[in-house]
Structure formats: C-alpha cells, structure tokens
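Asker: Encoded as structure tokens, here's the structure I'll be asking about.
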Amino acid sequence: MRSLVLALLFVLIALPLEAVATHDVVSIIVPAGLEVESLDHSAVNRIFLGKTKQWQNHESIIMTVNKDKKAMALFCEQFAHKTPRQFFMYWRKQLYSGHSMLPKNFDTDQQIIDFIGEHPNSIGFIASPITDPRVKELVISP
Amino acid sequence: MGRFSFLFLLLILLVPIPGRALNFSDTFQVHGFASQGYINSTSNNFLAHSRSGSIKMSDVGVNANWQPLDSLRFGAQAYYRNLGDYNENSVVLDWGGVSYQPFDIIGIRAGKVKMPLGLYNEVRDSQFLLPMVFLPQSIYDESRRDSNLAYIGAGLFGNIDCGRFGDIDYHLFSGETDFPDESQLQQNNVSSAIAAIDRNNAVPASKKNSLIPDSYESLDRESDDLYGGALVYNSPIGLRLGATLIHSKASIYLNDSSEAAGNTLTHKRFVFSAEFSTEQWLIVSEYGETDRTTTMFGSTTLDGPSQSWYVMACYSPFENWTFSVLYDEFYRMKHDKHSDDRPQSEPYTGWRKDMGFGIRYDINPWCNVKLDYHYIDGTAMQLSVINEDPKRYWSYFAARLSVVF
C-alpha cells in the first residue's frame, strides 16, 4: 500500500515536470556578436511584422521567417497573435499593395541558424535547442 | 485573353513547386497572382452581362521589387484585367515607383501608389487575399474602381510605435488619379454624353443648351486637386481602427475642348473602419460618406453626401475553410434616401442593400476557391451601360479560383 501511495505521489509530481520538460517553446535568436541581449514581447511582434526595421544602433534588421510547421505555429501563437495562415496573409498584403518585399524565409531550424550565424544584424526563430555557438537566444520580457 | 489567363492559372496549378516566388537574389523578388471567376445573376446584370452567366472575370498581376539599399526600394506591378464586355482588357501599371524609408516613423513613396481608402482598398486587386469574391460594394464600388484605385504623386508614410498599446500606421498623399482610357465608368460617361447631345439636338434651337456640342467626338477625364490621408491604429489584441479622408476633383472634357463640360468635386470622402480578428473570427465594419457636387453642361446634377456602411463576419472553424456573412448598405443621397427630390426616378434607384454569404476554401497555401451568393434590394451604383432598366430585387452568384506565387 505504501509503495502504491509513493508511486501515485511520484506520478503526480512527475506529470507537471514532464509537461514542463516537453513544453514547446520557440527561441528568438540573433548572431552571437550582436549587442542585444533582450527584447520585449511587442518589440518582437513589430520586428516580425516589418514595422521595426532598425536595431537601436540604426543598423538595418535582417528578419527571417522559419517555415518549419512546428516553429511557425509556436512563433505565431507566442508572438504574432495570428495563425500561420494569417501571418502569411499579412505579408502577402504588404507585398501586393506595394508596401514591402517578402521577408527571407527558410524551411528548417538549421537553415535559419546557418543564415543568422553568417549575417551580423539578422534575427529569426527556431523550435529546437540552441547548440551552435554562432547564435544566441534573446531574453524576451513580457 | 480570358482564355490566356485561365491557361496561365492552370499552368501555375500544375507545377508542383511550393512557394513559386522567383528570388533572383537577396534584393530582387518577382511575385504574382491570378484569378478566374464566373458570375451569374438574376433580373439585373452586375459588372458584366451576367444574367446569362459570364466567365469574363479574369485578372493577372506580376510584381517585381528591387531593394538596392536597406531603406530604398523600387517596385512595380503589371496588371491585366478582363471584366465583362467593357474593355479593361489590357496590361496596365497597377502600382509602381520608389519608396524611401530611412526611419520606421517616416518614409516617402512616389510614383503610382495604391490609395489608402478604408482597410482594404490597397489589396482589392489581389483576389487571393479577400474573404469573399468582391469587397463590400458600398465602400469598394467595383464599377468605379478606377476612380479610387491609386494616385500618381507622392506620399508620406510611417509607423508610430505606441509600446504595449500597439502602433499606428499613417499615409498622407497628394497627386492625381490615373483614369484609364477604357473602363466601364468611361463607357458609361460616353453613353451619358451622347444621350445628352441627342436630347439637346432634338429640342428647338431657342431652347438648346449652348454648352452642349452638336456632336460627339471624344471624351477625356482628368483629375486634379487630389489629396488625403489615412490612419490605422493596430492594437496588440487584434483590433484595428482606421480613418480615411480624401478630397478630389475630376473633370470631363468633350471633343478635345479646353473648357470642362462637367466635373465632380468631392469636397470630402471619409471612411471609419473597425476590424477585430482572432484565430477563428474576423469581424469588420466600415462607415463612409462622400460629399460631392457634380455639374454637367452648366447644371448641377448631384449635390450632397452619399452614405455607405457594412458589417461582415468571417468564421474559420478549420484552417482551410472560411464562412462569411455580409450586410452592406449604400444610399446615393444620405438626406434623400427615398429619392423624393428625384420624382422622375424610382425610389429604389437611391439605395442598395446587399445580403451576402460566402465560402472560401484554401486548397493549399497558394491557391483558393471562393463561392458567393448575394441578394440585393435596390439599384444604386448600377451603371446604365450595364442595365438600362434595372429591377429593384436581384441576386447574383459568383465563384472565383485564385492563385499566388
């Protein structure tokens, strides 16, 4: 009986830990050498909607879009407040009305990491853990 | 040409390459869109000779953008459109010019620029982006599209960051409208001018209007004194609020005369807009008035504001399906809704009340199909070149297949 209670207790404790361990998050990444460590939530939103085009040092932001389904869905849910379809529609409206070109887009997390690692003022998002020293994750405040 | 665009559509659909954009380099992109539609109406024609069904609803747009500097971009969009029997059947410049934006808060555009009017005028040509086959006609009148589509001139634009409260887009402009030589509105003006000349020639010489020529040779429309601006507030919770104000003047010249035969002075045209979107819902409403004075051959034929408003709700229970319902109302004269001041006309020529339903299915990220049904009371905004004797109650069904690349 005692072991049953302990097992139940373990399961109850382990469940939320497991949930945290597998909780899907998206990371906003920039080149490791960029002198930016954090952004707030609305700043991320504005950058990826093309409304903020420059870093604070006035260098132009090179924004990239990750078309990987998981990364895109997580990014849209956490930062864009749109579905992936609404996000792409937004950008097509910018394009066909003559307001903007489409942002650079890539199919995988690795392609995003490779591009950002090679472009000093770029920014992107990935859903996999960051192991490449060429890029770093930004701290996002509410 | 309609057959050409349809084949073009099929060709695009048959090539199994996702994301068909042509990116020649990091700074040069080519994109485009195309659509083919079908319309069938009862009692009245709408935009085409639709009572017998028409597939003369085709358009193709191709744009190219070159960004040599981060803040400098050159771009243009070529546009082909075929709608009904009234030829807009040629390739025209939809928009094109230069955009320079050194700071997020301010930039300048010059050339032919899409006119900011309500929330959707700038994207009205790209069928793929619209929830229904046509935008609400009270604000986005398709038969008078060429008057409101774009301006040739320059504009200031930018985005003002309001922190956690969202941001504001603005666009101020001045220029003129580029009226095409051939369009439904142009055809309608020609028909009206010829009818006025014929009527004048039929009366005794002593009663003739000396401002009306004896014969018709040509008609030109010219625009001047066009300026305006638009503000759109974008909240972080999916709410957008917009306001547009436009002033314009369009004159008609007959037989290459240097004196205008008539003109329409739009003292002010305003549109207030509200849009709320969530993952599954898009709810939008816009209200507008156009205060204008039209004179022709020395007589005032129209003087006062029109009134337009609509409410539209779009529901997407699944990612690929959107169901829309629309109520759209237009009054030719806000203060004379039943045409009491025009006893020679039927009262219903003064209004248009449209109840519409639409289904949109996104076949894939670059192709969708839409089906619309509309039941309409009233014939305001109908051009006589399409319907000589329009009926009060009428309806139409429209379908459209659209692709982008």
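How things are named: the first chain in the structure tokens is A, the next is B, and so on; residues count from 1 in each chain; ligands count from 1 in the order shown.
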Kindly determine which residues of chain B lie within 7 Å of chain A, considering only C-alpha atoms, and give the answer as number ranges by chain.
Answerer: B: 65, 70, 95, 104, 114, 122-123, 126, 129, 159, 163-164, 279
Asker: Would you please give, as a list in words, all residues of chain A that DSSP assigns to strand (DSSP E or B) based on the backbone?
Answerer: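 Answer for chain A, restricted to strand (DSSP E or B): Ser27, Ile28, Ile29, Val30, Pro31, Ser38, Leu39, Asp40, Gln54, Ser60, Ile62, Met63, Thr64, Val65, Asn66, Lys104, Asn105, Phe106, Ser122, Ile123, Gly124, Phe125, Ile126, Val135, Lys136, Glu137, Val139, Ile140 and Ser141 of chain A.
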Asker: Quick one: pull the distance between atom CA of B:Ala398 and atom CA of B:Ser50, Å, one decimal.
Answerer: 9.7 Å
Asker: Please report the interatomic distance between atom CA of A:Leu39 and atom CA of A:Val26 in Å with one decimal.
Answerer: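 The value is 14.3 Å.
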Asker: Considering only C-alpha atoms, return as a list in words whatever protein or nucleic-acid residues lie within 10 Å of B:Arg352, sequence-local ones (same chain, fewer than 5 positions apart) excluded.
Answerer: Gln137, Ser138, Ser308, Asp328, Glu329, Phe330, Tyr331, Arg332, Ile376, Asp377, Gly378, Thr379, Ala380, Met381, Gln382, Arg392 and Tyr393 of chain B
Asker: When you count only C-alpha atoms, which of these residues is closest to B:Arg51: B:Pro68, B:Gly84, B:Gly32, B:Gly97?
Answerer: B:Gly84
Asker: Would you mind listing what lies within 9 Å of stretch 105-107 of chain A as a list in words, with only C-alpha atoms counted and same-chain residues fewer than 3 positions away left out?
Answerer: Met63, Thr64, Val65, Asn66, Lys67, Asp68, Lys69, Leu102, Gln110, Gln111 and Ile112 of chain A
Asker: What does the distance from atom CA of B:Gln187 to atom CA of B:Met115 come to in Å, to one decimal?
Answerer: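 Value for the atom CA of B:Gln187-atom CA of B:Met115 distance: 23.1 Å.
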Asker: Which is closer to A:Met72 than all the others in A:Gln56, A:Ser141, A:Asn121, A:Ser27, using only C-alpha atoms?
Answerer: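 Of A:Gln56, A:Ser141, A:Asn121, A:Ser27, the one nearest A:Met72 is A:Ser27, counting only C-alpha atoms.
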Asker: I'd like the neighbourhood of B:Leu302 as a list in words, where a residue qualifies if any of its atoms comes within 10 Å (using only C-alpha atoms), though same-chain residues fewer than 6 positions away should be ignored.
Answerer: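 What passes the distance filter is Thr264, Asp291, Arg292, Thr293, Thr294, Thr295, Met296, Arg332 and Met333 of chain B.
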Asker: Pick out each residue of stretch 33-69 of chain A that DSSP on the backbone tags as alpha helix (DSSP H); I need them as a ChimeraX atom specification.
Answerer: /A:41-48,69
Asker: With N, CA and C atoms retained, write the just-selected residues as a compact mmCIF listing (two decimals), in the first residue's frame.
Answerer:
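Wrote part08.txt, looks like this:
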```txt
# COMPACT_ATOMS: atom_id res chain seq x y z
N HIS A 41 8.13 41.74 -25.61
CA HIS A 41 7.20 40.98 -26.45
C HIS A 41 6.72 41.79 -27.66
N SER A 42 6.35 43.05 -27.41
CA SER A 42 5.81 43.85 -28.52
C SER A 42 6.90 44.19 -29.53
N ALA A 43 8.15 44.32 -29.05
CA ALA A 43 9.25 44.60 -29.99
C ALA A 43 9.45 43.43 -30.95
N VAL A 44 9.34 42.21 -30.42
CA VAL A 44 9.46 41.02 -31.28
C VAL A 44 8.34 41.03 -32.33
N ASN A 45 7.14 41.31 -31.86
CA ASN A 45 5.99 41.35 -32.77
C ASN A 45 6.22 42.37 -33.88
N ARG A 46 6.70 43.54 -33.51
CA ARG A 46 6.88 44.62 -34.50
C ARG A 46 7.99 44.26 -35.50
N ILE A 47 9.04 43.61 -35.02
CA ILE A 47 10.13 43.25 -35.94
C ILE A 47 9.64 42.24 -36.99
N PHE A 48 8.90 41.23 -36.53
CA PHE A 48 8.50 40.18 -37.46
C PHE A 48 7.30 40.57 -38.33
N LYS A 69 6.86 23.85 -39.79
CA LYS A 69 5.49 23.92 -39.26
C LYS A 69 5.44 24.15 -37.76
```
Asker: Considering only C-alpha atoms, state which residue in the set A:Val25, A:Ile123, A:Phe79, A:Trp91 is at the smallest distance from A:Val135.
Answerer: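 Nearest candidate to A:Val135 out of A:Val25, A:Ile123, A:Phe79, A:Trp91: A:Ile123.
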Asker: Pick the closest to A:Phe115 from A:Ala127, A:Ile28, A:Ile140, A:Arg134: which is it, counting only C-alpha atoms?
Answerer: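 Going through A:Ala127, A:Ile28, A:Ile140, A:Arg134 one by one, the smallest distance to A:Phe115 is for A:Arg134.
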Asker: As a PDB file with N, CA, C and O atoms, in the first residue's frame, please: the residues near B:Glu289 (cut-off 7 Å, only C-alpha atoms, same-chain neighbours under 4 positions excluded).
Answerer:
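Full text of out35.pdb as output:
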```pdb
ATOM      1  N   ARG B 269     -14.378  62.881 -48.690  1.00  0.00           N
ATOM      2  CA  ARG B 269     -14.815  61.490 -48.596  1.00  0.00           C
ATOM      3  C   ARG B 269     -14.148  60.913 -47.359  1.00  0.00           C
ATOM      4  O   ARG B 269     -12.912  60.955 -47.253  1.00  0.00           O
ATOM      5  N   PHE B 270     -14.939  60.427 -46.423  1.00  0.00           N
ATOM      6  CA  PHE B 270     -14.318  59.826 -45.245  1.00  0.00           C
ATOM      7  C   PHE B 270     -14.829  58.409 -45.029  1.00  0.00           C
ATOM      8  O   PHE B 270     -15.960  58.069 -45.407  1.00  0.00           O
ATOM      9  N   VAL B 271     -13.980  57.588 -44.456  1.00  0.00           N
ATOM     10  CA  VAL B 271     -14.329  56.205 -44.088  1.00  0.00           C
ATOM     11  C   VAL B 271     -13.758  55.934 -42.702  1.00  0.00           C
ATOM     12  O   VAL B 271     -12.571  56.189 -42.457  1.00  0.00           O
ATOM     13  N   PRO B 305     -24.098  64.475 -49.730  1.00  0.00           N
ATOM     14  CA  PRO B 305     -23.314  63.288 -49.368  1.00  0.00           C
ATOM     15  C   PRO B 305     -24.055  61.972 -49.617  1.00  0.00           C
ATOM     16  O   PRO B 305     -25.266  61.878 -49.414  1.00  0.00           O
ATOM     17  N   SER B 306     -23.312  60.975 -50.048  1.00  0.00           N
ATOM     18  CA  SER B 306     -23.824  59.600 -50.060  1.00  0.00           C
ATOM     19  C   SER B 306     -23.504  58.979 -48.701  1.00  0.00           C
ATOM     20  O   SER B 306     -22.748  59.555 -47.903  1.00  0.00           O
ATOM     21  N   GLN B 307     -24.074  57.823 -48.445  1.00  0.00           N
ATOM     22  CA  GLN B 307     -23.820  57.144 -47.165  1.00  0.00           C
ATOM     23  C   GLN B 307     -23.578  55.661 -47.426  1.00  0.00           C
ATOM     24  O   GLN B 307     -24.348  55.023 -48.152  1.00  0.00           O
ATOM     25  N   SER B 308     -22.528  55.120 -46.834  1.00  0.00           N
ATOM     26  CA  SER B 308     -22.165  53.716 -47.047  1.00  0.00           C
ATOM     27  C   SER B 308     -21.792  53.082 -45.714  1.00  0.00           C
ATOM     28  O   SER B 308     -21.111  53.716 -44.902  1.00  0.00           O
TER      29      SER B 308
END
```
Asker: So, with only C-alpha atoms as the atoms that count, which of B:Thr322, B:Asn82, B:Asn44, B:Gln77 lies closest to B:Lys56?
Answerer: B:Asn82
Asker: Do a neighbour search on B:Ser223 at 10 Å with only C-alpha atoms, toss out local chain neighbours closer than 5 positions, and write the hits as a ChimeraX atom specification.
Answerer: /B:147,151,175-179,248-252,263-264
